[in-house]
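Asks: Mind having a look at this structure? Questions to follow.
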Amino acid sequence: MSRRFRYPVDTDQFEDIRKEGKVYVDKTDIVYDLVDRYKYVFLSRPRRFGKSLLCNTFKAYFQGQKELFEGLKIMELEKEWKTYPVLHFIMSGLKNLKVSEAKTKLENFVADYERIYGRNPEEETPGARFRGLIHRAFEQTGEKAVVILDEYDAPVMRLLYEKEQLEAMRMMLREFYQVLKDEGAYLKFVFITGVTKFSQMSIFSELNNLTQISMFDEYSGLCGITQRELDTVLRPCVEEYAEALHITTDEAYALLKKNYDGYHFSRNSEEVYAPFSLLRALDGRNSYHYWFESGTTTSLIDHLQHYAGFNPLDYDGVELYIGDFNVPCEKAPTPIPLLYQSGYLTIDYYNKEDDVYVLHFPNFEVRQGMVDGMTNYLMDTDDLERNSAILAMSRAFKRGDLSAALTSLRSYIASLPYDIITRKEWMAKKKREDFYKLLMYVVFSLLNSKVDTEVKSILGRADVVVKTKTDIFVLELKIDDTVDNALAQIDSKGYTIPYEADGRKVTKCGVSISSEARNIIHWRAVDEEGNVVDEVRF
């Protein structure tokens, strides 16, 4: 079938998208509202969530490029279309640089605008040159300047645990950002984006008039694509997608929702899809996982190593008070603020009675990406060997052969390098049994790509539940403990109760893992009446 739609999968430039007729979801009425309401605005969103496109939209608007907005909502709102001097800094260009290198690059950013508005040689530091730039822009145009800072936190993210470098970078950036507070009389509008909020408390400490809209209900859909937008303006795109995959439109919606939906950014947030992944899927006519292609979990794993005994899967279902969202990541006792702000966790719902927010992995794409990242880091094994083991397990589960599935799992664990624990410096801080528990959770989570698998969270459900068309397997894993205790916990906690009326055959299984033997040593499976249907010892 021929293609009707062109998607902006390779650009975040508002001008290019509009001129080339690519798919654009109109949010310009919200842009107008923000400018009308506030002067200093800060928005935190995960990477690849449309922040740069939003920045470029603001830039085109303030530069008076009226022709780019023809047919959009803002045309009914804006009457003047004045042109302002716009100073747009993309701070991601400073990441992974030493402080001296970052300073030089920041000076080059300023120099680009000095070629337009002039340079005073007495201004030596980046902050002093920035201040002079704002003044000269006002003097030459008669209009206040607009400042856009995209990804303000990029220069410091890799320095969280390098104290001296982190402080030096902060001092350099603070001197630059301080100008925004001091020169308010010469500024029309300031828009700042980033992934994390931590540096507002350390770099922007003086900028106390900065309005954080990150958790405002009315701006929850400012970045990303909402369910409402997918149901209306993008419905023809979903219909074309469904036709290409030879599925119904309803099936297409369900597929997209499972993989890319699930983000919430406030108490009463709109349902938001990750735009990068969604648009790539629509364009590629598939359901691939794109979010982790655009940036691996390496930096996240680096951060998580600083938290003893971490298991990201355990944070699926964690509860937070509102103040916890703003805890500086480098000072937080847990990685939860970083996991939330980076998009690995999102708000599932607000518990009004207890005044807490419940967080979950937003969708299948993110959860599996996290699991893949953890697998690669923990195991150092060949992907082909790992995938072969997962396929064997899934096929065994699908035909109802629990024993074959656990045998495949045991064989795979036995193939792992003997020194896998000692080769990880952070693992020396952890108990051996903790490692094997995490290993089991990661492996079972990988199964989710083949069968419907739930893995335990801190909410207390069974360790593993595997569902097929005919069976439901409820497994409890015990490290250096007995299968008797595992099965007793399944019964005492009522882990099978939710599935009693399901209609599928329910099997309970206790699995004993020895940290000394480094593998499964015993399992026992029983049916709903308590009859033993399978038992194996090693």
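By order of appearance in the structure tokens: chains A, B, ..., then residues from 1 within every chain, and ligands from 1 in the order shown.
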Can you pull out the residues contacting Ile116 (chain A)? Cut-off 12 Å, using only C-alpha atoms, and skip same-chain residues under 6 positions away; I want them as an NGL selection string.
Replies: :A and (85-87 or 110 or 133-134 or 136-137 or 140-141)
Asks: Could those selected residues go to a file with all heavy atoms, as a PDB file, in the first residue's frame?
Replies:
ATOM      1  N   PRO A  85      14.498  39.220  19.686  1.00  0.00           N
ATOM      2  CA  PRO A  85      15.798  38.553  19.595  1.00  0.00           C
ATOM      3  C   PRO A  85      15.761  37.265  20.425  1.00  0.00           C
ATOM      4  O   PRO A  85      15.420  37.304  21.608  1.00  0.00           O
ATOM      5  CB  PRO A  85      16.771  39.575  20.190  1.00  0.00           C
ATOM      6  CG  PRO A  85      15.936  40.451  21.069  1.00  0.00           C
ATOM      7  CD  PRO A  85      14.571  40.495  20.441  1.00  0.00           C
ATOM      8  N   VAL A  86      16.057  36.143  19.803  1.00  0.00           N
ATOM      9  CA  VAL A  86      15.982  34.846  20.480  1.00  0.00           C
ATOM     10  C   VAL A  86      17.391  34.283  20.649  1.00  0.00           C
ATOM     11  O   VAL A  86      18.140  34.137  19.682  1.00  0.00           O
ATOM     12  CB  VAL A  86      15.118  33.850  19.677  1.00  0.00           C
ATOM     13  CG1 VAL A  86      15.097  32.490  20.385  1.00  0.00           C
ATOM     14  CG2 VAL A  86      13.704  34.379  19.501  1.00  0.00           C
ATOM     15  N   LEU A  87      17.746  33.951  21.890  1.00  0.00           N
ATOM     16  CA  LEU A  87      19.033  33.340  22.221  1.00  0.00           C
ATOM     17  C   LEU A  87      18.758  31.897  22.638  1.00  0.00           C
ATOM     18  O   LEU A  87      18.255  31.634  23.723  1.00  0.00           O
ATOM     19  CB  LEU A  87      19.715  34.121  23.353  1.00  0.00           C
ATOM     20  CG  LEU A  87      19.834  35.634  23.137  1.00  0.00           C
ATOM     21  CD1 LEU A  87      20.460  36.300  24.356  1.00  0.00           C
ATOM     22  CD2 LEU A  87      20.631  35.941  21.879  1.00  0.00           C
ATOM     23  N   VAL A 110      27.947  31.496  22.701  1.00  0.00           N
ATOM     24  CA  VAL A 110      27.718  32.928  22.874  1.00  0.00           C
ATOM     25  C   VAL A 110      28.284  33.699  21.682  1.00  0.00           C
ATOM     26  O   VAL A 110      27.667  34.652  21.183  1.00  0.00           O
ATOM     27  CB  VAL A 110      28.356  33.422  24.190  1.00  0.00           C
ATOM     28  CG1 VAL A 110      28.240  34.941  24.317  1.00  0.00           C
ATOM     29  CG2 VAL A 110      27.703  32.740  25.389  1.00  0.00           C
ATOM     30  N   LEU A 133      25.411  40.383  25.895  1.00  0.00           N
ATOM     31  CA  LEU A 133      24.650  39.980  24.713  1.00  0.00           C
ATOM     32  C   LEU A 133      23.177  40.358  24.863  1.00  0.00           C
ATOM     33  O   LEU A 133      22.558  40.901  23.926  1.00  0.00           O
ATOM     34  CB  LEU A 133      24.799  38.476  24.528  1.00  0.00           C
ATOM     35  CG  LEU A 133      24.294  37.847  23.242  1.00  0.00           C
ATOM     36  CD1 LEU A 133      25.035  38.403  22.035  1.00  0.00           C
ATOM     37  CD2 LEU A 133      24.483  36.328  23.314  1.00  0.00           C
ATOM     38  N   ILE A 134      22.604  40.089  26.026  1.00  0.00           N
ATOM     39  CA  ILE A 134      21.203  40.418  26.281  1.00  0.00           C
ATOM     40  C   ILE A 134      20.977  41.920  26.180  1.00  0.00           C
ATOM     41  O   ILE A 134      19.992  42.380  25.576  1.00  0.00           O
ATOM     42  CB  ILE A 134      20.783  39.890  27.667  1.00  0.00           C
ATOM     43  CG1 ILE A 134      20.746  38.346  27.652  1.00  0.00           C
ATOM     44  CG2 ILE A 134      19.429  40.446  28.077  1.00  0.00           C
ATOM     45  CD1 ILE A 134      20.530  37.721  29.009  1.00  0.00           C
ATOM     46  N   ARG A 136      22.822  44.193  24.516  1.00  0.00           N
ATOM     47  CA  ARG A 136      22.990  44.694  23.150  1.00  0.00           C
ATOM     48  C   ARG A 136      21.828  44.272  22.248  1.00  0.00           C
ATOM     49  O   ARG A 136      21.423  45.022  21.350  1.00  0.00           O
ATOM     50  CB  ARG A 136      24.324  44.212  22.573  1.00  0.00           C
ATOM     51  CG  ARG A 136      25.528  44.925  23.171  1.00  0.00           C
ATOM     52  CD  ARG A 136      26.809  44.583  22.441  1.00  0.00           C
ATOM     53  NE  ARG A 136      27.170  43.176  22.627  1.00  0.00           N
ATOM     54  CZ  ARG A 136      27.829  42.691  23.677  1.00  0.00           C
ATOM     55  NH1 ARG A 136      28.195  43.526  24.660  1.00  0.00           N
ATOM     56  NH2 ARG A 136      28.147  41.432  23.768  1.00  0.00           N
ATOM     57  N   ALA A 137      21.289  43.074  22.472  1.00  0.00           N
ATOM     58  CA  ALA A 137      20.131  42.630  21.699  1.00  0.00           C
ATOM     59  C   ALA A 137      18.953  43.563  21.929  1.00  0.00           C
ATOM     60  O   ALA A 137      18.227  43.920  20.986  1.00  0.00           O
ATOM     61  CB  ALA A 137      19.767  41.199  22.087  1.00  0.00           C
ATOM     62  N   GLN A 140      19.683  47.080  20.281  1.00  0.00           N
ATOM     63  CA  GLN A 140      19.672  47.110  18.822  1.00  0.00           C
ATOM     64  C   GLN A 140      18.293  46.833  18.221  1.00  0.00           C
ATOM     65  O   GLN A 140      17.989  47.301  17.123  1.00  0.00           O
ATOM     66  CB  GLN A 140      20.678  46.083  18.280  1.00  0.00           C
ATOM     67  CG  GLN A 140      22.126  46.438  18.584  1.00  0.00           C
ATOM     68  CD  GLN A 140      23.101  45.367  18.116  1.00  0.00           C
ATOM     69  OE1 GLN A 140      22.827  44.657  17.139  1.00  0.00           O
ATOM     70  NE2 GLN A 140      24.222  45.239  18.799  1.00  0.00           N
ATOM     71  N   THR A 141      17.456  46.094  18.925  1.00  0.00           N
ATOM     72  CA  THR A 141      16.144  45.734  18.365  1.00  0.00           C
ATOM     73  C   THR A 141      14.994  46.496  19.010  1.00  0.00           C
ATOM     74  O   THR A 141      13.902  46.573  18.433  1.00  0.00           O
ATOM     75  CB  THR A 141      15.878  44.234  18.535  1.00  0.00           C
ATOM     76  OG1 THR A 141      15.754  43.920  19.934  1.00  0.00           O
ATOM     77  CG2 THR A 141      16.997  43.407  17.920  1.00  0.00           C
TER      78      THR A 141
END
Asks: Which polymer residues have any atom within 9 Å of an atom of Glu454 (chain A), counting only C-alpha atoms, with same-chain residues fewer than 3 positions away left out, as a ChimeraX atom specification?
Replies: /A:444-445,448,462-467
Asks: How many Å separate CA of Thr496 (chain A) from CA of Val474 (chain A)?
Replies: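 Taking CA of Thr496 (chain A) as the start and CA of Val474 (chain A) as the end point, the length is 7.0 Å.
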Asks: Pick from A:Thr28, A:Gln227, A:Asn387, A:Thr211: nearest to Leu43 (chain A), with only C-alpha atoms counted?
Replies: A:Thr211
Asks: Need the shell around Ile30 (chain A): protein/DNA/RNA residues with any atom at most 10 Å away, counting only C-alpha atoms. Skip same-chain ones fewer than 2 positions apart. Format as a ChimeraX atom specification?
Replies: /A:26-28,32-36,73-74,218-219,221-222
Asks: With C-alpha atoms retained, could you export that selection as a PDB file, in the first residue's frame?
Replies:
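As a result, again31.pdb now contains:
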ATOM      1  CA  ASP A  26      -0.747  20.991  17.097  1.00  0.00           C
ATOM      2  CA  LYS A  27       0.069  22.207  20.612  1.00  0.00           C
ATOM      3  CA  THR A  28       0.493  25.867  19.725  1.00  0.00           C
ATOM      4  CA  TYR A  32       0.521  30.751  23.536  1.00  0.00           C
ATOM      5  CA  ASP A  33      -0.991  30.105  26.963  1.00  0.00           C
ATOM      6  CA  LEU A  34       2.423  29.606  28.562  1.00  0.00           C
ATOM      7  CA  VAL A  35       3.794  32.837  27.131  1.00  0.00           C
ATOM      8  CA  ASP A  36       0.678  34.699  28.218  1.00  0.00           C
ATOM      9  CA  LYS A  73      -4.481  26.960  16.728  1.00  0.00           C
ATOM     10  CA  ILE A  74      -2.220  29.865  17.635  1.00  0.00           C
ATOM     11  CA  GLU A 218      -2.948  21.473  32.152  1.00  0.00           C
ATOM     12  CA  TYR A 219       0.554  20.977  30.695  1.00  0.00           C
ATOM     13  CA  GLY A 221       0.396  16.680  27.381  1.00  0.00           C
ATOM     14  CA  LEU A 222       2.642  19.540  26.277  1.00  0.00           C
TER      15      LEU A 222
END
Asks: Return as a list in words the full set of residues in region 45-249 of chain A whose backbone-based DSSP assignment is strand (DSSP E).
Replies: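 Restricting region 45-249 of chain A to strand (DSSP E) produces Val86, Leu87, His88, Phe89, Ile90, Ala145, Val146, Val147, Ile148, Leu149, Asp150, Leu187, Lys188, Phe189, Val190, Phe191, Ile192, Thr193, Gly194, Thr211, Gln212, Ile225 and Thr226 of chain A.
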Asks: A:Ile347, A:Ile521, A:Leu339, A:Met440: which is nearest Glu319 (chain A), counting only C-alpha atoms?
Replies: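 For Glu319 (chain A), the nearest of the candidates is A:Ile347.
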Asks: Could you list, as a ChimeraX atom specification, every residue within 12 Å of Arg129 (chain A), counting only C-alpha atoms and ignoring same-chain residues fewer than 2 positions away?
Replies: /A:106-114,117-127,131-136,175-177,179
Asks: Using only C-alpha atoms, can you tell me which of A:Ala488, A:Arg285, A:Gly93, A:Tyr340 comes closest to Ala252 (chain A)?
Replies: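 Smallest distance to Ala252 (chain A) is found for A:Arg285.
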